Every structure is written in C-alpha cells, then in structure tokens.
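**Q** Pasting a structure here, questions to come.
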Amino acid sequence: MRSGTSTTDLARGLPLGDLLALGTQLRADITPEALLQEVAEAIYSVLGYPQVYIRLRHADTDELEAVAFAGVPAELVAQLRANPTAPAFYQALLQPRYRYSESYLIPASRRVERDLQQPGPARRQRKRDVLLVPLRGRGERLAGAIYVEPPLDGHALDLSNVQILEAIARQAALALENARLAARSARLLSKEQLLAELGRDVSNTLDLDTILTRTVERLEVAFQGGAITLLNDQGELEIVATVGEIDDAARRVRLKVGEGICGWVVERGIPFLSNDTTTETRVQPAAHDIGTNRQIRSYIAVPLRTGGRVLGSLSVESDQPNAFTYEDVDLLEAVAAQIGGPIASTRLYQEAQRLAEQVKRRNEHLTVLNAVARIAVSTLDLERMLTSVIVQIQQGFGYGHAELYLADDDTQTLVLAAQAGTFRPSEIGYGIPVTRGLLGKAYRTGATVRVDDVLADPDYVAETPRETRSQLCVPIVAGARVLAVLNLESRQLAAFTAAGVGVLETAADVLASAIENARLYQRAQEAAVLEERSRLARDLHDSISQQLFSMTLTAQAARVQLDKNPARTAAQLERLQETAAAALAEMRALIFQLRPPALSAQGLVGALQQHVAALGRREGLSMSFEIHGEERYARGAEQAIYRIAQEALNNVVKHAGACRVIITLDFQPDRVALRVADDGAGFDLGLLQPEQGRHLGLTSMRERAAELGGMLDLRSRPGHGTEVLLTVPRNSDTIARSSAAVL
C-alpha cells in the first residue's frame with residue numbers, strides 16, 4: 001500500500017466509487033475473464049501490489065486456470081496460462097497454519113508460484129511470500145483465487161488491508177456468480193430459441209436436405225465444426241451434412257458401427273465428450289470421423305435416434321482443448337431428439353416414394369413388354385414387326401434412340417433393320433462389322449453390354465454424329481446363335497438401370513422367338529411357292545405342253561395334205577381347233593387355280609360350288625355337292641382345303657374315267673372333313689409307285705393336310721372308284737400358321 005494512505009482514502013479511490021459496492025457495480029453482461037481482469041487491475045492500481053493474477057476454477061476439471069493478470073510480465077503470463085493448478089496441489093496450501101484472516105499467506109519456502117519470481121540476482125537472494133485470497137460465492141463454494149505478491153515494505157499485509165482485499169474478493173466472487181448465471185441464462189434462452197426455431201423448421205417438411213440444412217445453420221452459430229452421419233442401406237455411417245467446411249475425401253469416408261467416435265456412439269447409444277482428443281484412449285480421434293485436416297482437440301458426439309432405434313450421430317468439434325461442457329452435450333442431445341423423428345419420417349417417406357416410383361416404372365416396363373409381346377405375335381411380317389417393336393421400346397422407355405440390327409452370318413455384319421428416336425437416323429440396311437464397337441462386342445459375347453459413359457469406353461465407336469453419352473446393347477439369342485442386337489442410346493450419363501435392363505433382356509427373348517417364327521414363315525412361304533410352281537410346271541408339262549406339241553404335229557400334217565387331200569386337211573384343221581380349244585380351257589383352269597377370285601369373294605363353299613359346276617359342264621360329269629354344318633368352323637383353313645379339293649377333282653378328270661362325282665363338306669366345332677368320291681376305274685393302292693403319287697398330286701395334298709395338322713386318306717380298288725378323305729382338327733394356331741404359308 002502506498003505510504004500515508006488510509007483505509008478510508010483507499011476506499012474512496014477505488015474504481016466505480018465504493019469498494020464495498022464493487023460486486024454489484026461490476027457488470028454481469030461481460031465474460032468472467034473480463035470481469036476478473038477488471039478486478040486484477042483495480043487491486044494492482046489502487047492497492048499497489050506489484051504483481052496480481054487471478055485463477056478461475058474450471059467447471060469440469062476443477063483445475064485453477066490463470067485468466068486475469070496485472071503487473072505480470074508477458075512471458076510469465078504465457079507460462080501461467082499453460083500451467084493450471086491441480087486441485088490436490090491447491091488444497092494442500094489451504095492449511096490452518098497459513099491462515100491469515102480469511103486468506104492464506106503462503107511462505108516463500110513452499111515456492112507456491114515460482115513463476116512469479118522474475119529472474120535476476122535480487123530475486124534469487126530474497127524469495128517472497130504469496131498472499132492467496134479465495135474467491136467464494138454463495139454457499140462458500142470456491143470459484144477461484146486471487147494471488148498477490150505483497151510489496152517489500154510489508155504494510156500491505158496489515159489485517160485491515162487484507163480485509164479490504166477479502167471484501168473485494170467477496171464482491172468479485174458474487175459478481176462472477178452473477179456473470180455466470182447471466183451467461184447460463186443467456187445460453188438456456190439461446191438453447192430454447194434454437195430448439196424452438198429448429199422445431200418449426202423441421203416439422204413442416206418431408207425433405208431430408210431441408211432438415212439437414214436447417215440443422216446445420218442453427219449449429220453453425222454456436223460451434224466451430226461438426227457433422228451429421230446417417231446409417232446407409234449397407235449399415236455404414238456416411239456423412240450427410242457438415243457444420244463448417246469439409247474436403248471431398250472426407251465425404252467419401254464410410255464408418256462401420258463401432259468404428260471411430262461416431263461408430264462408438266451409434267453402437268452404444270450414449271453420448272461422447274472429450275476435451276482433449278490427443279489423450280483419448282476410448283476410441284479413435286475425432287479427426288478420423290469427419291476427415292478434416294484441422295487439429296481437433298475437443299469433440300462431442302451424440303446418437304440420433306427415434307423409437308429406440310439409432311439412425312446415426314450428431315457431432316461437433318473444436319481445435320481448442322476444454323472447449324465444451326456438459327451443457328453443450330445436453331444441447332446436442334436436445335437437437336438430436338428434435339431432428340431424429342423428422343429424419344426417420346423423411347427417410348420412410350422417401351423410401352415409400354422410391355418404392356412407388358419403382359412400382360410405377362415396373363408397371364410401365366411391363367406394359368411395354370406386353371405391347372412388344374402382342375406385336376411380336378400379331379404378324380409374321382418381319383420388317384413390320386421389328387419397326388413396331390422398336391417404336392414401342394423407344395417411346396415406352398423414353399430413351400433417346402433405339403435400333404435393331406439383324407445378324408448376317410454370311411457377311412459377318414450387323415444390318416440395321418429398324419430404328420426410332422430423336423437422334424440422327426442411319427440408313428436402313430446399313431451394315432456394321434461384327435468386330436466393331438459395342439454392338440459387335442454384344443454380338444461376339446452374346447451378353448448385354450451397358451456403358452454409363454461412352455466417352456470413357458475404348459470399345460465405343462460413333463457410327464454417326466450423335467449426342468450419345470450412355471449406351472446399352474442387348475443381344476437377341478436363340479439357342480446358341482445371336483440373331484440380332486437391340487441398341488439403345490441416351491443423352492444422359494448412366495441412363496440405363498438394372499431393372500430396365502432386365503425388362504429389355506426379357507423383351508429380347510420374346511423377339512428371338514418372333515424373329516425365328518418370322519424367318520420360318522418366310523422360308524415356308526418360299527418353299528410353298530416353289531412347290532406350287534413345281535406342280536404348275538408339271539401340270540403344264542402333262543397337259544398344255546403335250547397339247548401344244550400335238551397341235552404342232554397336226555398343223556404340220558395339214559400343211560402336207562393341203563394340196564394332196566383337201567378333205568383330210570379339213571379334218572386335221574378341225575382336230576387342231578379342238579386341241580387348241582382344249583389347251584385354252586386347260587390354261588384358263590390353271591390360271592384359275594393360281595388365283596381363284598371366288599374364294600376371297602364367295603368363301604370356301606361358294607368357290608367350290610362354282611368350280612364344281614364349271615368342271616361338270618366342261619367335262620360332262622354328274623357332280624353332287626353336299627354341305628353339313630357351319631362354314632365358319634373352317635375359318636383360316638379355307639385356301640388349303642380348296643386346293644386339296646381342287647387337286648382331287650383334277651385327278652378325277654385326268655385319271656378316273658368317272659361319270660359321277662360326290663363332294664361332301666362337313667363343318668363341325670372340333671373338325672372339318674372333306675370327301676371327294678368318284679365311280680371311276682379305281683386302282684390298286686398296293687401297286688402305287690412313288691412317282692405316280694407325285695403325278696397324282698398326292699404328295700402336295702398330304703403336305704397341305706400336314707400343315708393344317710390334319711390327315712389325308714386315300715381309298716381305291718380297281719373297278720370300284722376312288723375316295724379322298726381329308727380331316728382337319730380345329731386348332732387355331734396350326735390353321736393360322738399353315739394357311740399363311742399356302743399360296
């Protein structure tokens with residue numbers, strides 16, 4: 001204390017006027033550190049102590065941390081800040097023998113604060129005592145301590161001066177409590193406001209990103225950094241939102257349950273607090289969890305849960321030690337409780353939306369598949385069928401472009417047969433070698449080729465300038481043979497999903513059968529045309545060509561007899577006229593067989609009636625035509641039945657020598673029967689040679705019957721005429737297939 005200064009004068013000279021009112025006049029709206037700094041400076045400047053510093057008790061560790069200084073050199077301030085006093089060491093000083101009033105005078109021999117003694121010869125020669133004045137608030141709870149070095153004259157240690165210092169300490173302790181209460185009240189109010197605002201933010205949305213964004217915005221006000229992690233479908237924790245910046249590598253980190261701090265919290269379902277991660281032994285450091293490059297010293301993580309189920313974790317971090325208290329843990333748990341339910345509801349909603357979208361897409365895909373199947377069986381015209389199918393696939397799936405290439409095994413090329421879409425079209429018939437591009441790869445391997453980014457695939461070859469970014473090539477396989485390749489292209493990256501690929505592979509299976517059937521039909525058509533042409537050639541050879549040859553011989557003979565025997569010439573000319581007329585009639589009959597207009601105009605019964613009547617008039621035969629049942633039962637088989645009846649009647653005219661012919665048509669719901677019987681010469685079936693069977697048209701009749709799934713029976717005996725019996729079952733598939741193959 002300065003010389004000549006009384007206690008009263010000292011009181012009047014204190015800051016803010018009245019020493020005893022110091023506690024009430026110190027502001028409660030500042031931090032405890034700032035408040036104690038004012039106290040230290042007041043003691044130093046007014047009471048004249050050469051060195052003053054104040055330690056504050058840490059709420060969690062109970063250590064006394066140096067927070068306020070006056071008259072202490074800067075290098076010692078740094079040392080004091082870095083070395084808190086442990087509770088055991090501090091309590092050892094508070095012994096009755098050191099008691100002085102309500103304070104404690106610690107002798108220099110205890111060297112309680114060696115760092116206060118500045119280096120130098122004088123300091124080393126004389127060690128100083130230290131006066132320790134406890135800061136006790138309500139209930140005598142220790143809040144900290146004031147450390148002062150008395151002046152050399154020793155007057156400052158008078159009881160009255162120590163009591164003034166103790167009064168300052170009491171008022172400072174009360175002000176400190178008030179400041180802490182005010183800060184706690186402010187924190188509680190801030191917490192309530194945060195939770196209320198967050199509750200409003202997350203209660204009116206089912207969008208997960210919105211919930212996470214609002215949560216992060218609220219936490220960024222109070223915390224330096226942190227993260228929200230959620231369990232994914234694989235049961236791993238992944239970062240979905242961060243407080244503060246985080247690098248891309250950290251975002252890709254996946255933690256198993258039990259791994260790292262967040263995994264530890266999720267596994268146990270309890271909060272985690274560490275104010276020094278460098279000494280943490282329970283789990284790995286927090287930095288591993290959020291992947292930050294910062295040096296993290298303090299870390300809190302709490303579980304996110306709903307209905308007893310842990311969804312993930314909420315964590316915050318700081319690069320300073322002792323940055324958090326259990327109040328911060330309470331706040332994070334309250335935030336976690338606030339957002340846990342909405343996050344779970346949002347994820348359930350998103351899953352329901354995803355499943356609904358999957359079902360919708362699946363139904364759309366099945367609709368396309370059904371349409372493809374209907375088109376595939378609706379026609380045997382390959383070009384028409386493929387064009388319709390490609391249009392359906394392109395429009396149904398919404399891909400930019402769709403194509404179908406048929407494999408040409410002879411030239412080893414894939415030939416464009418159909419296309420649809422918005423890309424630049426290629427020319428139909430354009431060929432691609434099977435060794436080239438993604439199409440060739442699908443053909444060679446017989447497996448689907450899906451490329452999410454064609455620009456990154458070395459096998460991709462742009463056949464025409466297009467905007468293609470992803471491509472799908474599906475081989476169409478029958479047995480072990482690739483018939484075609486379905487090619488799909490999109491402007492989007494990774495446009496083809498596994499579900500869509502599965503549906504398209506099923507469509508490819510349907511198309512394989514359709515292409516095979518169409519090609520079989522085409523070959524059957526070609527075979528039927530060849531057979532019909534061969535039959536007509538034989539008929540022309542057996543009838544008209546012979547008649548024309550006979551006419552040539554008759555004309556030559558008439559020319560020779562023209563001058564020698566006019567009467568004989570006239571007879572030969574008359575015979576020539578008859579032969580020509582017969583040839584003309586035969587030619588008309590053949591033309592009629594090629595394209596009988598009555599069949600399409602009048603139906604099977606009408607066409608046969610017309611043919612039978614004309615044949616009877618021309619050949620002078622007695623013809624009887626009997627009909628039983630409804631003609632509609634022969635629908636689809638009319639042309640084949642007509643051809644068989646026509647062939648049987650031709651045989652009657654050519655070979656039977658009959659006078660009477662009976663034709664019977666019997667239409668039944670399960671079958672159609674045709675009977676052609678004559679009273680001609682007949683023959684021995686056992687003596688019928690194969691070449692005779694061909695000559696009689698039996699081979700073609702039996703083939704036509706087989707195409708209908710029916711049977712042809714021939715009955716004959718010498719002198720008892722001949723009977724041809726045809727039975728066709730009512731099998732719509734067989735009739736439709738065979739009738740389409742008949743000319």
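The chains in the structure tokens are called A, B, ... from first to last as shown; in each chain the residues are counted from 1, and the ligands are counted from 1 in the order shown.
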If you run DSSP on the backbone here, which positions in segment 117-260 of chain A get alpha helix (DSSP H)? Please write them as a PyMOL selection string.

**A** chain A and resi 121-125+159-203+208-220+248-251+260

**Q** Expressed in Å to a single decimal, how great is the separation between atom CA of His401 of chain A and atom CA of Gly421 of chain A?

**A**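 It comes out at 4.2 Å.
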
**Q** Set the distance at 7 Å and use only C-alpha atoms: which residues neighbour segment 51-67 of chain A once local chain neighbours fewer than 3 positions away are removed? I'd like the list as a PyMOL selection string.

**A** chain A and resi 33+40+44+70-72+80-81+84-87+143-149

**Q** Quick one: residues within 8 Å of segment 648-654 of chain A, only C-alpha atoms, excluding same-chain residues fewer than 2 positions away - as a list in words?

**A**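 Listing them by chain and then by number gives Glu619, Ile644, Ala645, Gln646, Ala656, Gly657, Ala658, Val676, Asp678, Gly680, Leu696, Gly697 and Val724 of chain A.
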
**Q** Taking 4 positions as the minimum chain separation for residues in the same chain, which residues sit within 12 Å of Val216 of chain A when counting only C-alpha atoms? Answer as a compact mmCIF listing (two decimals) with N, CA and C atoms, in the first residue's frame.

**A**
```txt
# COMPACT_ATOMS: atom_id res chain seq x y z
N LEU A 194 -33.10 -21.80 -30.07
CA LEU A 194 -32.59 -22.67 -31.13
C LEU A 194 -33.52 -23.86 -31.34
N LEU A 198 -35.66 -24.53 -34.60
CA LEU A 198 -35.38 -25.77 -35.32
C LEU A 198 -36.63 -26.64 -35.42
N ASP A 201 -38.66 -25.37 -38.14
CA ASP A 201 -38.05 -25.64 -39.44
C ASP A 201 -38.30 -27.07 -39.92
N VAL A 202 -38.20 -28.04 -39.00
CA VAL A 202 -38.21 -29.44 -39.42
C VAL A 202 -39.59 -30.09 -39.33
N ASP A 209 -32.99 -33.02 -47.17
CA ASP A 209 -31.99 -31.97 -47.36
C ASP A 209 -32.36 -30.69 -46.61
N THR A 210 -33.65 -30.37 -46.60
CA THR A 210 -34.10 -29.18 -45.87
C THR A 210 -33.86 -29.34 -44.38
N ILE A 211 -34.19 -30.49 -43.83
CA ILE A 211 -33.98 -30.74 -42.41
C ILE A 211 -32.50 -30.63 -42.05
N LEU A 212 -31.65 -31.24 -42.85
CA LEU A 212 -30.21 -31.21 -42.58
C LEU A 212 -29.65 -29.80 -42.70
N GLU A 220 -24.17 -23.91 -36.66
CA GLU A 220 -23.03 -23.10 -37.05
C GLU A 220 -22.90 -21.84 -36.21
N VAL A 221 -24.00 -21.39 -35.60
CA VAL A 221 -23.95 -20.20 -34.75
C VAL A 221 -23.14 -20.46 -33.49
N ALA A 222 -23.19 -21.70 -32.99
CA ALA A 222 -22.58 -22.00 -31.69
C ALA A 222 -21.32 -22.83 -31.77
N PHE A 223 -21.08 -23.52 -32.88
CA PHE A 223 -19.97 -24.46 -32.92
C PHE A 223 -19.09 -24.23 -34.14
N GLN A 224 -17.81 -24.56 -33.96
CA GLN A 224 -16.82 -24.33 -35.00
C GLN A 224 -16.97 -25.30 -36.16
N GLY A 225 -17.26 -26.53 -35.87
CA GLY A 225 -17.39 -27.54 -36.92
C GLY A 225 -18.12 -28.76 -36.39
N GLY A 226 -18.46 -29.67 -37.29
CA GLY A 226 -19.16 -30.87 -36.89
C GLY A 226 -19.75 -31.58 -38.08
N ALA A 227 -20.53 -32.62 -37.81
CA ALA A 227 -21.09 -33.41 -38.90
C ALA A 227 -22.33 -34.15 -38.43
N ILE A 228 -23.19 -34.46 -39.40
CA ILE A 228 -24.33 -35.35 -39.18
C ILE A 228 -24.07 -36.59 -40.03
N VAL A 240 -23.76 -36.88 -44.15
CA VAL A 240 -24.82 -36.31 -44.98
C VAL A 240 -24.90 -34.80 -44.86
N ALA A 241 -24.27 -34.23 -43.83
CA ALA A 241 -24.25 -32.77 -43.67
C ALA A 241 -23.10 -32.42 -42.74
N THR A 242 -22.55 -31.21 -42.94
CA THR A 242 -21.42 -30.79 -42.11
C THR A 242 -21.62 -29.38 -41.60
N VAL A 243 -21.10 -29.15 -40.40
CA VAL A 243 -21.01 -27.80 -39.84
C VAL A 243 -19.61 -27.30 -40.17
N GLY A 244 -19.52 -26.30 -41.02
CA GLY A 244 -18.22 -25.85 -41.49
C GLY A 244 -17.80 -26.62 -42.74
N GLU A 245 -16.58 -26.33 -43.20
CA GLU A 245 -16.08 -26.92 -44.44
C GLU A 245 -15.53 -28.33 -44.18
N LEU A 314 -24.79 -37.13 -34.32
CA LEU A 314 -24.63 -35.69 -34.46
C LEU A 314 -23.39 -35.31 -33.66
N SER A 315 -22.43 -34.66 -34.31
CA SER A 315 -21.17 -34.35 -33.63
C SER A 315 -20.75 -32.92 -33.90
N VAL A 316 -19.98 -32.35 -32.94
CA VAL A 316 -19.36 -31.03 -33.11
C VAL A 316 -17.93 -31.14 -32.61
N LEU A 332 -26.77 -30.68 -27.65
CA LEU A 332 -26.72 -31.56 -28.81
C LEU A 332 -27.73 -32.70 -28.69
N VAL A 335 -31.03 -31.27 -29.61
CA VAL A 335 -31.12 -31.10 -31.07
C VAL A 335 -31.34 -32.46 -31.73
N ALA A 336 -30.59 -33.47 -31.28
CA ALA A 336 -30.74 -34.81 -31.85
C ALA A 336 -32.16 -35.34 -31.65
N ILE A 339 -34.53 -33.61 -34.15
CA ILE A 339 -34.49 -33.94 -35.58
C ILE A 339 -34.55 -35.44 -35.85
```

**Q** Please return, as a list in words, all residues of segment 272-350 of chain A that DSSP assigns to strand (DSSP E or B) on the basis of the backbone.

**A**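 Taking segment 272-350 of chain A and keeping strand (DSSP E or B) only, one gets Phe272, Leu273, Ser274, Ser298, Tyr299, Ile300, Ala301, Val302, Pro303, Leu304, Arg305, Thr306, Arg309, Val310, Leu311, Gly312, Ser313, Leu314, Ser315, Val316, Glu317 and Ser318 of chain A.
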
**Q** Restricting the calculation to only C-alpha atoms, which member of A:Ala169, A:Leu665, A:Leu176, A:Gly312 is positioned closest to Leu237 of chain A?

**A** A:Gly312

**Q** Excluding Glu177 of chain A and its own-chain neighbours fewer than 5 positions away, which residues fall within 10 Å of it when counting only C-alpha atoms? Please give them as an MDAnalysis selection string.

**A** chainID A and resid 23 28 32 136:138 143 171:172 182:183

**Q** State, in Å with one decimal place, the distance from atom CA of Leu132 of chain A to atom CA of Leu159 of chain A.

**A**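 Atom CA of Leu132 of chain A sits 14.0 Å away from atom CA of Leu159 of chain A.
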
**Q** Enter the distance from atom CA of Ile390 of chain A to atom CA of Ala402 of chain A, in Å, rounded to one decimal.

**A**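 One can read the atom CA of Ile390 of chain A to atom CA of Ala402 of chain A distance as 6.3 Å.
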
**Q** Which neighbours of Pro729 of chain A fall inside 8 Å, counting only C-alpha atoms, when residues of the same chain fewer than 6 positions from it are skipped, and could you give them as a list of chain:residue names?

**A**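 Final neighbour list, sorted by chain and number: A:Asp670, A:Arg671, A:Val672, A:Leu708, A:Gly709, A:Gly710.
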
**Q** Restricting the calculation to only C-alpha atoms, which member of A:Arg254, A:Arg268, A:His611, A:Arg519 is positioned closest to Arg309 of chain A?

**A**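 Closest candidate: A:Arg268.
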
**Q** Distance table requested - segment 364-425 of chain A against segment 429-449 of chain A, cut-off 12 Å, only C-alpha atoms: one row per qualifying residue with the closest atom pair and its distance in Å to one decimal, ordered by chain and rising residue number, as CSV.

**A**
```
residue,atom,partner,partner_atom,distance
A:Glu383,CA,A:Gly429,CA,11.5
A:Glu403,CA,A:Leu439,CA,10.7
A:Leu404,CA,A:Leu439,CA,10.2
A:Tyr405,CA,A:Gly431,CA,8.4
A:Leu406,CA,A:Gly431,CA,9.3
A:Ala407,CA,A:Tyr443,CA,8.4
A:Asp408,CA,A:Gly431,CA,9.1
A:Asp409,CA,A:Val434,CA,9.5
A:Asp410,CA,A:Val434,CA,11.5
A:Thr411,CA,A:Pro433,CA,8.4
A:Gln412,CA,A:Val434,CA,5.9
A:Thr413,CA,A:Pro433,CA,4.3
A:Leu414,CA,A:Ile432,CA,5.1
A:Val415,CA,A:Gly431,CA,4.3
A:Leu416,CA,A:Gly429,CA,5.0
A:Ala417,CA,A:Gly429,CA,6.2
A:Ala418,CA,A:Gly429,CA,8.9
A:Gln419,CA,A:Gly429,CA,10.9
A:Pro425,CA,A:Tyr430,CA,10.7
```
